[in-house]
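Below is coords05.txt, holding compact mmCIF, C-alpha atoms.
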```txt
# COMPACT_ATOMS: atom_id res chain seq x y z
CA MET S 1 -80.39 -40.33 -15.38
CA LYS S 2 -76.90 -41.34 -16.53
CA CYS S 3 -73.58 -40.40 -14.99
CA ASP S 4 -72.71 -38.02 -17.87
CA GLU S 5 -75.97 -36.18 -17.47
CA ILE S 6 -75.38 -35.01 -13.92
CA LYS S 7 -72.19 -33.03 -14.60
CA ASP S 8 -73.78 -29.60 -14.53
CA LEU S 9 -75.96 -30.44 -11.56
CA MET S 10 -72.99 -31.84 -9.70
CA LEU S 11 -71.04 -28.63 -10.24
CA ASP S 12 -73.79 -26.48 -8.75
CA VAL S 13 -74.42 -28.82 -5.84
CA ALA S 14 -70.72 -29.14 -5.02
CA ALA S 15 -70.39 -25.34 -5.14
CA GLY S 16 -73.34 -24.99 -2.79
CA ALA S 17 -75.22 -23.02 -5.42
CA GLY S 18 -78.15 -25.39 -5.70
CA GLU S 19 -79.96 -28.20 -3.95
CA PRO S 20 -79.75 -31.69 -5.46
CA THR S 21 -82.80 -32.41 -7.57
CA PRO S 22 -84.85 -35.59 -6.90
CA ALA S 23 -83.45 -37.08 -10.11
CA LEU S 24 -79.89 -36.40 -8.97
CA ASN S 25 -80.60 -37.82 -5.53
CA GLU S 26 -82.07 -40.93 -7.09
CA HIS S 27 -78.98 -41.36 -9.26
CA LEU S 28 -76.61 -40.77 -6.36
CA LEU S 29 -78.37 -43.43 -4.28
CA GLY S 30 -77.63 -46.02 -6.92
CA CYS S 31 -74.17 -44.80 -8.05
CA ALA S 32 -71.36 -44.95 -5.55
CA ASP S 33 -68.90 -43.55 -8.10
CA CYS S 34 -70.86 -40.32 -8.61
CA THR S 35 -71.54 -40.02 -4.89
CA GLY S 36 -67.81 -40.24 -4.20
CA LYS S 37 -67.03 -37.75 -6.96
CA LEU S 38 -69.55 -35.26 -5.63
CA GLU S 39 -68.16 -35.51 -2.12
CA ASP S 40 -64.58 -35.09 -3.38
CA MET S 41 -65.59 -32.11 -5.49
CA ARG S 42 -67.23 -30.48 -2.47
CA LYS S 43 -64.04 -30.96 -0.48
CA THR S 44 -61.91 -29.66 -3.33
CA MET S 45 -63.98 -26.50 -3.58
CA ALA S 46 -63.76 -26.04 0.18
CA LEU S 47 -60.00 -26.50 -0.05
CA LEU S 48 -59.79 -23.76 -2.68
CA ASP S 49 -61.36 -21.37 -0.15
CA ASP S 50 -58.07 -21.46 1.76
CA TRP S 51 -56.41 -19.45 -0.97
CA GLN S 52 -56.92 -15.94 0.27
CA ALA S 53 -55.91 -12.86 -1.67
CA PRO S 54 -54.36 -9.86 0.08
CA GLU S 55 -56.29 -6.65 0.55
CA PRO S 56 -55.25 -3.70 -1.62
CA SER S 57 -52.37 -1.96 0.12
CA PRO S 58 -52.86 1.48 1.68
CA TYR S 59 -50.83 2.90 -1.20
CA PHE S 60 -53.11 1.52 -3.89
CA ASP S 61 -55.29 4.62 -4.08
CA THR S 62 -52.31 6.98 -3.85
CA ARG S 63 -50.49 5.26 -6.68
CA LEU S 64 -53.61 5.05 -8.81
CA ALA S 65 -54.27 8.73 -8.15
CA ALA S 66 -50.76 9.57 -9.36
CA ARG S 67 -51.24 7.47 -12.50
CA MET S 68 -54.61 9.08 -13.13
CA ARG S 69 -53.09 12.55 -12.81
CA GLU S 70 -50.49 11.57 -15.41
CA GLU S 71 -53.22 10.19 -17.62
CA ARG S 72 -55.30 13.34 -17.39
CA ALA S 73 -52.26 15.52 -18.07
CA LYS S 74 -51.63 13.74 -21.36
CA PRO S 75 -53.04 15.44 -24.43
CA GLU S 76 -56.11 13.60 -25.61
CA ARG S 77 -55.23 11.18 -28.33
CA VAL S 78 -57.25 11.56 -31.48
CA ASN S 79 -58.33 8.28 -32.93
CA TRP S 80 -58.84 9.01 -36.59
CA PHE S 81 -60.43 5.66 -37.22
CA SER S 82 -63.22 6.50 -34.81
CA TRP S 83 -64.54 8.90 -37.45
CA PHE S 84 -65.31 5.97 -39.69
CA ARG S 85 -67.54 4.47 -37.01
CA MET S 86 -69.96 7.37 -37.34
CA PRO S 87 -72.52 6.35 -39.97
CA VAL S 88 -73.23 9.89 -41.21
CA LEU S 89 -69.56 10.67 -41.73
CA ALA S 90 -68.93 7.30 -43.33
CA GLY S 91 -71.83 7.92 -45.73
CA ALA S 92 -70.57 11.42 -46.53
CA LEU S 93 -67.08 10.07 -47.19
CA ALA S 94 -68.48 7.39 -49.49
CA LEU S 95 -70.49 10.04 -51.36
CA VAL S 96 -67.43 12.27 -51.80
CA LEU S 97 -65.40 9.33 -53.09
CA MET S 98 -68.16 8.38 -55.53
CA MET S 99 -68.42 11.98 -56.77
CA ALA S 100 -64.65 12.22 -57.17
CA GLY S 101 -64.67 8.97 -59.12
CA GLY S 102 -67.54 10.19 -61.29
CA VAL S 103 -65.85 13.50 -62.07
CA SER S 104 -62.61 11.74 -62.92
CA TRP S 105 -64.40 9.30 -65.23
CA PHE S 106 -66.42 12.06 -66.89
CA THR S 107 -63.31 14.20 -67.47
CA ARG S 108 -61.47 11.34 -69.10
CA GLU S 109 -64.43 10.57 -71.34
CA ARG S 110 -64.45 14.17 -72.60
CA ASN S 111 -60.70 14.38 -73.29
CA PRO S 112 -60.01 12.55 -76.55
CA SER S 113 -56.30 13.28 -76.53
CA GLN S 114 -55.86 11.10 -73.40
CA ILE S 115 -58.02 8.40 -74.89
CA ALA S 116 -56.01 8.51 -78.09
CA GLY S 117 -52.86 7.73 -76.17
CA LYS S 118 -54.37 4.70 -74.43
CA ASN S 119 -56.95 3.39 -76.88
CA PRO S 120 -55.32 1.50 -79.78
CA THR S 121 -58.49 1.73 -81.90
CA VAL S 122 -58.19 5.52 -82.27
CA PRO S 123 -55.55 6.45 -84.95
CA ILE S 124 -52.81 8.83 -83.83
CA VAL S 125 -52.42 11.76 -86.28
CA VAL S 126 -48.89 13.14 -86.36
CA ILE S 127 -48.85 16.77 -87.45
CA GLN S 128 -45.73 17.62 -89.44
CA PRO S 129 -43.89 20.95 -88.83
CA GLY S 130 -44.01 23.34 -91.77
CA THR S 131 -47.64 22.69 -92.54
CA ALA S 132 -50.23 25.34 -91.79
CA VAL S 133 -51.67 23.38 -88.88
CA GLY S 134 -48.19 22.61 -87.55
CA ASP S 135 -47.11 26.24 -87.64
CA LEU S 136 -50.28 27.45 -85.95
CA GLN S 137 -49.83 24.86 -83.20
CA ALA S 138 -46.17 25.83 -82.77
CA LEU S 139 -47.17 29.51 -82.44
CA ASP S 140 -49.86 28.58 -79.96
CA LYS S 141 -47.58 26.47 -77.80
CA ASN S 142 -44.67 28.94 -77.82
CA GLU S 143 -46.67 32.13 -77.54
CA ASP S 144 -44.59 33.47 -74.66
CA LEU S 145 -41.34 32.81 -76.43
CA TYR S 146 -42.37 34.58 -79.60
CA ALA S 147 -43.80 37.54 -77.62
CA ASN S 148 -40.36 38.12 -76.08
CA PHE S 149 -38.30 37.85 -79.24
CA ASP S 150 -37.79 41.64 -79.25
CA LEU S 151 -36.11 41.46 -75.87
CA LEU S 152 -33.76 38.75 -77.15
CA ASP S 153 -32.82 40.99 -80.05
CA ASP S 154 -32.01 43.84 -77.63
CA LEU S 155 -29.76 41.57 -75.56
CA GLN S 156 -27.90 40.58 -78.69
CA VAL S 157 -27.33 44.22 -79.76
CA GLN S 158 -25.95 45.47 -76.45
CA PRO S 159 -22.61 43.53 -76.48
CA ASP S 160 -22.00 44.67 -80.05
CA VAL S 161 -22.38 48.31 -78.99
CA ASP S 162 -19.95 47.79 -76.09
CA ALA S 163 -17.47 46.12 -78.40
CA ASP S 164 -17.57 49.06 -80.82
CA GLN S 165 -16.77 51.51 -78.02
CA GLU S 166 -13.72 49.55 -76.85
CA THR S 167 -12.32 49.47 -80.36
CA PRO S 168 -9.78 52.29 -80.86
CA MET U 169 -74.53 -17.41 -7.37
CA GLN U 170 -72.32 -16.46 -4.43
CA LEU U 171 -69.59 -18.99 -3.84
CA SER U 172 -67.01 -17.27 -1.76
CA ASP U 173 -67.69 -14.01 0.00
CA SER U 174 -64.09 -13.19 0.64
CA ASP U 175 -63.26 -11.29 -2.54
CA GLY U 176 -66.57 -10.56 -4.06
CA VAL U 177 -68.05 -7.21 -4.83
CA ASP U 178 -69.68 -5.85 -1.72
CA THR U 179 -73.27 -4.93 -2.27
CA ASP U 180 -72.98 -1.93 -0.01
CA VAL U 181 -69.84 -0.48 -1.49
CA SER U 182 -71.55 2.75 -2.34
CA SER U 183 -72.44 3.42 1.26
CA VAL U 184 -68.92 2.56 2.40
CA ALA U 185 -67.53 4.97 -0.16
CA MET U 186 -69.86 7.67 1.06
CA ASP U 187 -68.83 7.08 4.65
CA GLN U 188 -65.19 7.35 3.77
CA GLU U 189 -65.78 10.58 1.93
CA LEU U 190 -63.17 9.31 -0.45
CA LEU U 191 -65.15 10.17 -3.46
CA ALA U 192 -65.93 13.68 -2.38
CA MET U 193 -62.23 14.28 -1.82
CA GLY U 194 -61.34 13.15 -5.29
CA SER U 195 -59.30 10.21 -4.07
CA ILE U 196 -58.36 9.04 -7.57
CA GLY U 197 -56.65 12.26 -8.45
CA ALA U 198 -59.51 14.19 -9.97
CA GLN U 199 -59.95 17.77 -9.01
CA PRO U 200 -63.24 18.23 -7.20
CA THR U 201 -65.60 20.35 -9.19
CA ALA U 202 -67.73 22.99 -7.59
CA ASP U 203 -70.61 22.56 -9.99
CA ARG U 204 -70.78 18.77 -9.77
CA PRO U 205 -71.79 17.01 -6.55
CA PRO U 206 -69.99 13.85 -5.40
CA PHE U 207 -71.34 10.89 -7.30
CA ALA U 208 -71.90 8.23 -4.64
CA GLY U 209 -74.99 9.79 -3.18
CA SER U 210 -76.80 9.53 -6.50
CA ALA U 211 -75.71 5.99 -7.39
CA ALA U 212 -78.81 4.31 -6.01
CA GLY U 213 -80.85 2.61 -8.66
CA LEU U 214 -78.20 2.89 -11.32
CA THR U 215 -76.46 -0.12 -12.83
CA ASP U 216 -72.71 -0.11 -13.29
CA ALA U 217 -73.31 0.31 -17.01
CA ASP U 218 -75.34 3.46 -16.29
CA ILE U 219 -72.54 4.75 -14.12
CA MET U 220 -69.98 3.98 -16.81
CA LEU U 221 -72.09 5.97 -19.26
CA ARG U 222 -71.78 8.88 -16.86
CA VAL U 223 -68.01 8.40 -16.88
CA LYS U 224 -68.23 8.53 -20.66
CA ALA U 225 -70.12 11.81 -20.35
CA GLY U 226 -67.23 13.25 -18.32
CA ASP U 227 -68.34 12.58 -14.75
CA GLU U 228 -65.06 11.94 -12.92
CA SER U 229 -66.76 11.11 -9.61
CA ALA U 230 -68.62 8.26 -11.33
CA PHE U 231 -65.26 6.77 -12.30
CA GLU U 232 -64.04 7.07 -8.72
CA TYR U 233 -67.14 5.25 -7.58
CA LEU U 234 -66.40 2.33 -9.90
CA VAL U 235 -62.78 2.20 -8.75
CA GLN U 236 -63.82 2.03 -5.12
CA LYS U 237 -66.36 -0.66 -5.89
CA TYR U 238 -64.08 -2.91 -7.91
CA ARG U 239 -60.58 -2.28 -6.54
CA ARG U 240 -60.72 -5.15 -4.05
CA PRO U 241 -62.10 -7.86 -6.39
CA MET U 242 -59.76 -6.66 -9.12
CA VAL U 243 -56.66 -6.89 -6.90
CA GLY U 244 -57.81 -10.35 -5.75
CA PHE U 245 -58.32 -11.56 -9.30
CA MET U 246 -54.98 -10.19 -10.43
CA TYR U 247 -53.23 -11.65 -7.41
CA ARG U 248 -54.48 -15.13 -8.24
CA MET U 249 -53.60 -14.67 -11.88
CA SER U 250 -50.12 -13.24 -11.30
CA HIS U 251 -49.24 -14.88 -7.93
CA ASN U 252 -47.59 -11.64 -6.91
CA ALA U 253 -49.14 -9.00 -4.66
CA ALA U 254 -47.18 -6.04 -6.04
CA ALA U 255 -47.81 -7.05 -9.65
CA ALA U 256 -51.48 -7.57 -8.81
CA GLU U 257 -51.85 -3.97 -7.66
CA ASP U 258 -50.03 -2.67 -10.72
CA LEU U 259 -52.22 -4.75 -13.00
CA ALA U 260 -55.43 -3.74 -11.22
CA GLN U 261 -54.45 -0.08 -11.58
CA GLU U 262 -53.72 -0.67 -15.25
CA VAL U 263 -57.21 -2.15 -15.67
CA PHE U 264 -58.78 1.02 -14.25
CA LEU U 265 -56.54 3.19 -16.42
CA ARG U 266 -57.66 1.26 -19.48
CA VAL U 267 -61.28 1.60 -18.48
CA TYR U 268 -60.75 5.34 -18.17
CA ARG U 269 -58.93 5.56 -21.51
CA SER U 270 -61.67 3.59 -23.25
CA ARG U 271 -64.54 5.54 -21.71
CA SER U 272 -65.38 7.38 -24.91
CA GLY U 273 -65.90 4.10 -26.78
CA TYR U 274 -67.95 2.39 -24.07
CA GLU U 275 -71.30 1.01 -25.17
CA ALA U 276 -73.75 -0.27 -22.60
CA SER U 277 -74.56 -3.30 -24.73
CA ALA U 278 -72.93 -5.69 -22.25
CA LYS U 279 -72.71 -5.73 -18.48
CA PHE U 280 -69.98 -3.51 -17.08
CA THR U 281 -68.42 -6.43 -15.20
CA THR U 282 -68.14 -8.42 -18.42
CA TRP U 283 -66.23 -5.55 -20.02
CA LEU U 284 -64.11 -5.01 -16.91
CA TYR U 285 -63.14 -8.67 -16.56
CA ARG U 286 -62.43 -8.99 -20.25
CA ILE U 287 -59.91 -6.16 -19.94
CA ALA U 288 -58.53 -7.70 -16.75
CA THR U 289 -58.27 -11.18 -18.26
CA ASN U 290 -56.43 -9.96 -21.35
CA LEU U 291 -54.03 -7.98 -19.22
CA ALA U 292 -53.42 -10.83 -16.76
CA VAL U 293 -52.96 -13.46 -19.46
CA ASN U 294 -50.47 -11.26 -21.30
CA HIS U 295 -48.63 -10.58 -18.05
CA ALA U 296 -48.51 -14.30 -17.27
CA ARG U 297 -47.12 -15.03 -20.73
CA ASP U 298 -44.54 -12.25 -20.46
CA THR U 299 -43.29 -13.40 -17.06
CA ARG U 300 -43.60 -17.15 -17.56
CA ASN U 301 -39.86 -17.65 -17.25
CA GLU U 302 -39.45 -15.33 -14.29
CA ARG U 303 -41.34 -17.48 -11.81
CA PRO U 304 -39.42 -20.68 -11.09
CA GLU U 305 -41.26 -23.08 -8.83
CA LYS U 306 -39.97 -22.86 -5.29
CA MET U 307 -40.19 -25.28 -2.42
CA ALA U 308 -42.18 -24.09 0.54
CA SER U 309 -40.00 -22.88 3.36
CA LEU U 310 -40.88 -21.76 6.85
CA ASP U 311 -37.75 -19.69 7.23
CA GLU U 312 -38.29 -17.40 4.28
CA PRO U 313 -41.17 -15.01 3.86
CA ASP U 314 -43.68 -15.76 1.16
CA GLU U 315 -42.50 -13.82 -1.87
CA GLU U 316 -46.09 -13.33 -3.00
CA THR U 317 -47.50 -11.89 0.19
CA GLY U 318 -44.33 -10.82 2.00
CA THR U 319 -45.38 -12.65 5.16
CA THR U 320 -44.08 -15.72 6.91
CA MET U 321 -46.41 -18.44 8.02
CA ASP U 322 -45.85 -17.44 11.65
CA VAL U 323 -47.08 -13.98 10.92
CA ALA U 324 -49.95 -15.30 8.87
CA ASP U 325 -51.30 -17.49 11.67
CA SER U 326 -49.49 -17.59 14.99
CA SER U 327 -51.89 -20.14 16.49
CA LEU U 328 -50.51 -22.96 14.32
CA THR U 329 -47.68 -25.25 15.35
CA VAL U 330 -44.60 -25.46 13.18
CA GLU U 331 -45.82 -28.72 11.71
CA GLU U 332 -49.29 -27.38 11.04
CA SER U 333 -47.81 -24.30 9.45
CA MET U 334 -45.67 -26.43 7.20
CA VAL U 335 -48.62 -28.57 6.15
CA ARG U 336 -50.70 -25.47 5.51
CA ARG U 337 -47.95 -23.88 3.50
CA GLU U 338 -47.53 -26.98 1.39
CA ARG U 339 -51.28 -27.12 0.84
CA MET U 340 -51.35 -23.51 -0.26
CA ALA U 341 -48.39 -24.05 -2.58
CA ALA U 342 -50.16 -27.07 -4.07
CA ILE U 343 -53.41 -25.15 -4.62
CA ARG U 344 -51.57 -22.31 -6.33
CA ALA U 345 -49.47 -24.64 -8.43
CA LYS U 346 -52.39 -26.82 -9.54
CA VAL U 347 -54.62 -23.89 -10.41
CA GLN U 348 -51.69 -22.30 -12.21
CA ALA U 349 -51.12 -25.53 -14.15
CA LEU U 350 -54.66 -25.54 -15.56
CA PRO U 351 -55.06 -24.57 -19.20
CA GLU U 352 -55.47 -20.80 -19.54
CA ARG U 353 -59.23 -20.71 -20.11
CA GLN U 354 -59.94 -23.23 -17.39
CA ARG U 355 -57.80 -21.26 -14.95
CA VAL U 356 -59.56 -17.99 -15.72
CA ALA U 357 -62.96 -19.68 -15.51
CA VAL U 358 -62.20 -21.25 -12.12
CA LEU U 359 -60.90 -17.98 -10.69
CA MET U 360 -63.97 -16.09 -11.86
CA HIS U 361 -66.35 -18.83 -10.70
CA LYS U 362 -64.76 -19.65 -7.38
CA TYR U 363 -63.37 -16.32 -6.21
CA GLN U 364 -65.18 -13.58 -8.13
CA GLN U 365 -68.69 -15.01 -7.64
CA MET U 366 -69.46 -14.74 -11.32
CA ASP U 367 -72.21 -16.93 -12.74
CA TYR U 368 -71.92 -19.12 -15.83
CA LYS U 369 -73.47 -16.47 -18.06
CA GLN U 370 -71.01 -13.78 -17.04
CA ILE U 371 -68.02 -16.11 -17.36
CA ALA U 372 -69.29 -17.24 -20.75
CA GLU U 373 -69.51 -13.62 -21.91
CA VAL U 374 -66.01 -12.78 -20.73
CA LEU U 375 -64.53 -15.88 -22.37
CA LYS U 376 -66.77 -15.56 -25.44
CA LEU U 377 -68.15 -19.06 -24.99
CA SER U 378 -71.62 -20.52 -24.76
CA GLU U 379 -73.00 -21.18 -21.32
CA SER U 380 -72.95 -24.94 -21.81
CA ALA U 381 -69.34 -24.80 -23.03
CA THR U 382 -68.46 -22.77 -19.94
CA LYS U 383 -70.07 -25.36 -17.68
CA SER U 384 -68.13 -28.14 -19.38
CA LEU U 385 -64.94 -26.11 -19.10
CA LEU U 386 -65.49 -25.59 -15.39
CA PHE U 387 -66.41 -29.21 -14.81
CA ARG U 388 -63.21 -30.38 -16.49
CA ALA U 389 -61.17 -27.86 -14.48
CA TYR U 390 -62.68 -28.95 -11.14
CA GLU U 391 -62.26 -32.60 -12.08
CA THR U 392 -58.56 -31.98 -12.71
CA LEU U 393 -58.20 -30.13 -9.42
CA ARG U 394 -60.09 -32.88 -7.60
CA GLU U 395 -57.66 -35.47 -8.94
CA GLN U 396 -54.53 -33.44 -8.34
CA LEU U 397 -55.40 -32.12 -4.90
CA LYS U 398 -56.69 -35.46 -3.68
CA GLU U 399 -54.00 -35.82 -1.04
CA PHE U 400 -54.96 -32.52 0.59
CA VAL U 401 -58.70 -33.02 0.91
```
Conversion result in structure tokens:
Amino acid sequence: MKCDEIKDLMLDVAAGAGEPTPALNEHLLGCADCTGKLEDMRKTMALLDDWQAPEPSPYFDTRLAARMREERAKPERVNWFSWFRMPVLAGALALVLMMAGGVSWFTRERNPSQIAGKNPTVPIVVIQPGTAVGDLQALDKNEDLYANFDLLDDLQVQPDVDADQETP
Amino acid sequence: MQLSDSDGVDTDVSSVAMDQELLAMGSIGAQPTADRPPFAGSAAGLTDADIMLRVKAGDESAFEYLVQKYRRPMVGFMYRMSHNAAAAEDLAQEVFLRVYRSRSGYEASAKFTTWLYRIATNLAVNHARDTRNERPEKMASLDEPDEETGTTMDVADSSLTVEESMVRRERMAAIRAKVQALPERQRVAVLMHKYQQMDYKQIAEVLKLSESATKSLLFRAYETLREQLKEFV
């Protein structure tokens, strides 16, 4: 056994946690350096025992009780990220996202007017006003406006009537 | 492995707690519940992890049991990490508060003590970093009380002569200073090994190291202490 190989054993023996093995004893008999180190390490560990920690003060429990009361009085914090740790919810969320993505993709595929704006291979047909198609589209788009034209006419007539009355 | 009995977890803590009737009284601020018996009487045969799972399930008396069991070792560990008795109590209380806050996320995959000391180590290391500049090294003095414990050497041990007291005080100051001067991981490992009676496996789990790396770490730490405390042994 070499000096480097007895490190772990030396630690346990110095700490009083284990008896020296025959191999360690054999090495120590022939190695004054390791024997000295082991003895010093024992003494060092014994020296460290002098460092005593104080007992918890009599107020420790009282103070902790007060802090615990405060803690319990706080509204419970909701950790939103904890939802993602639940496999079922994470799977459901992934499914919803996939469905939303699928619907979005499918809708775009079925709407050629959007594709026409973004796909350079599809020619853009400009419909001129005055043509039959143009007029029909204008009527369709402005249906509300045309439906209320009568009201606009009435508004225009009323001031004229008032003006006639004021005229001597 | 039991190295030093002074600050370790007592094996009969549960019986002490029962005798004190602390748990039944709700000593940690919980309101006693009529439908739930005090916990300590039913702790036999349960591991700390089992008890923590009961805390997770809402059993407040189980939490009180764990506090009573670990308050002393936790204050001792924090004292040696912070070198300040008042700060040690604050930090130990903070550890228990964090345990309580984290109860819903507790998984019994690791030992309870590993989880507890990981919380404690993080807290203590952060505290040490935050207050690094607030603790100038002081010369030992017989006339002034120890700022860490609040006691003078005379009070601590009246049987010693003035000279013996001075030597003892210097020795204590040297031990504290040399342990404090160890690299962070080595310091934590030594404190857990020497004063908390934790074995290599537990220390390795807390420090997230392999067992062999932990042994090497400890060996290096004790070698350093052996060299630096040579004049006191």
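For the residues U:Gln261, U:Ser229, U:Ser250, U:Thr289, ranking by smallest atom-to-atom distance to Ala66 (chain S) using only C-alpha atoms places U:Gln261 first.
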With all atoms listed in the file as the atoms that count, which of S:Ala147, S:Leu64, S:Leu11, S:Val103 lies nearest to Cys34 (chain S)?
S:Leu11
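For the pair CA of Ser57 (chain S) and CA of Glu232 (chain U), the separation is 17.2 Å.
Of note, CA of Asp33 (chain S) and CA of Met10 (chain S) are spaced 12.5 Å apart.
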Chain U contacts on chain S, only C-alpha atoms, 10 Å, as an NGL selection string:
:S and (7-12 or 15-18 or 37-38 or 40-57 or 59-72 or 76-77 or 82)
Could you take the residues named above and write them with C-alpha atoms, as a short mmCIF file (atom, residue, chain, number, x, y, z; two decimals), in the coordinates of the input?
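Okay, this is what ended up in out-v7.cif:
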```cif
data_model
loop_
_atom_site.label_atom_id
_atom_site.label_comp_id
_atom_site.auth_asym_id
_atom_site.auth_seq_id
_atom_site.Cartn_x
_atom_site.Cartn_y
_atom_site.Cartn_z
CA LYS S 7 -72.19 -33.03 -14.60
CA ASP S 8 -73.78 -29.60 -14.53
CA LEU S 9 -75.96 -30.44 -11.56
CA MET S 10 -72.99 -31.84 -9.70
CA LEU S 11 -71.04 -28.63 -10.24
CA ASP S 12 -73.79 -26.48 -8.75
CA ALA S 15 -70.39 -25.34 -5.14
CA GLY S 16 -73.34 -24.99 -2.79
CA ALA S 17 -75.22 -23.02 -5.42
CA GLY S 18 -78.15 -25.39 -5.70
CA LYS S 37 -67.03 -37.75 -6.96
CA LEU S 38 -69.55 -35.26 -5.63
CA ASP S 40 -64.58 -35.09 -3.38
CA MET S 41 -65.59 -32.11 -5.49
CA ARG S 42 -67.23 -30.48 -2.47
CA LYS S 43 -64.04 -30.96 -0.48
CA THR S 44 -61.91 -29.66 -3.33
CA MET S 45 -63.98 -26.50 -3.58
CA ALA S 46 -63.76 -26.04 0.18
CA LEU S 47 -60.00 -26.50 -0.05
CA LEU S 48 -59.79 -23.76 -2.68
CA ASP S 49 -61.36 -21.37 -0.15
CA ASP S 50 -58.07 -21.46 1.76
CA TRP S 51 -56.41 -19.45 -0.97
CA GLN S 52 -56.92 -15.94 0.27
CA ALA S 53 -55.91 -12.86 -1.67
CA PRO S 54 -54.36 -9.86 0.08
CA GLU S 55 -56.29 -6.65 0.55
CA PRO S 56 -55.25 -3.70 -1.62
CA SER S 57 -52.37 -1.96 0.12
CA TYR S 59 -50.83 2.90 -1.20
CA PHE S 60 -53.11 1.52 -3.89
CA ASP S 61 -55.29 4.62 -4.08
CA THR S 62 -52.31 6.98 -3.85
CA ARG S 63 -50.49 5.26 -6.68
CA LEU S 64 -53.61 5.05 -8.81
CA ALA S 65 -54.27 8.73 -8.15
CA ALA S 66 -50.76 9.57 -9.36
CA ARG S 67 -51.24 7.47 -12.50
CA MET S 68 -54.61 9.08 -13.13
CA ARG S 69 -53.09 12.55 -12.81
CA GLU S 70 -50.49 11.57 -15.41
CA GLU S 71 -53.22 10.19 -17.62
CA ARG S 72 -55.30 13.34 -17.39
CA GLU S 76 -56.11 13.60 -25.61
CA ARG S 77 -55.23 11.18 -28.33
CA SER S 82 -63.22 6.50 -34.81
#
```
7 Å contact set for Gln354 (chain U), only C-alpha atoms, chain neighbours under 2 positions out, as a ChimeraX atom specification:
/U:350-352,356-358,385-386,389
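CA of Thr299 (chain U) is positioned 25.0 Å from CA of Lys376 (chain U).
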Take every atom of region 28-41 of chain S listed in the file, fit an axis-aligned box around them, add 6 Å per side, and give the centre and edge lengths in Å to one decimal as AutoDock Vina command-line options.
```
--center_x -71.5 --center_y -39.1 --center_z -5.4 --size_x 25.8 --size_y 25.9 --size_z 18.5
```
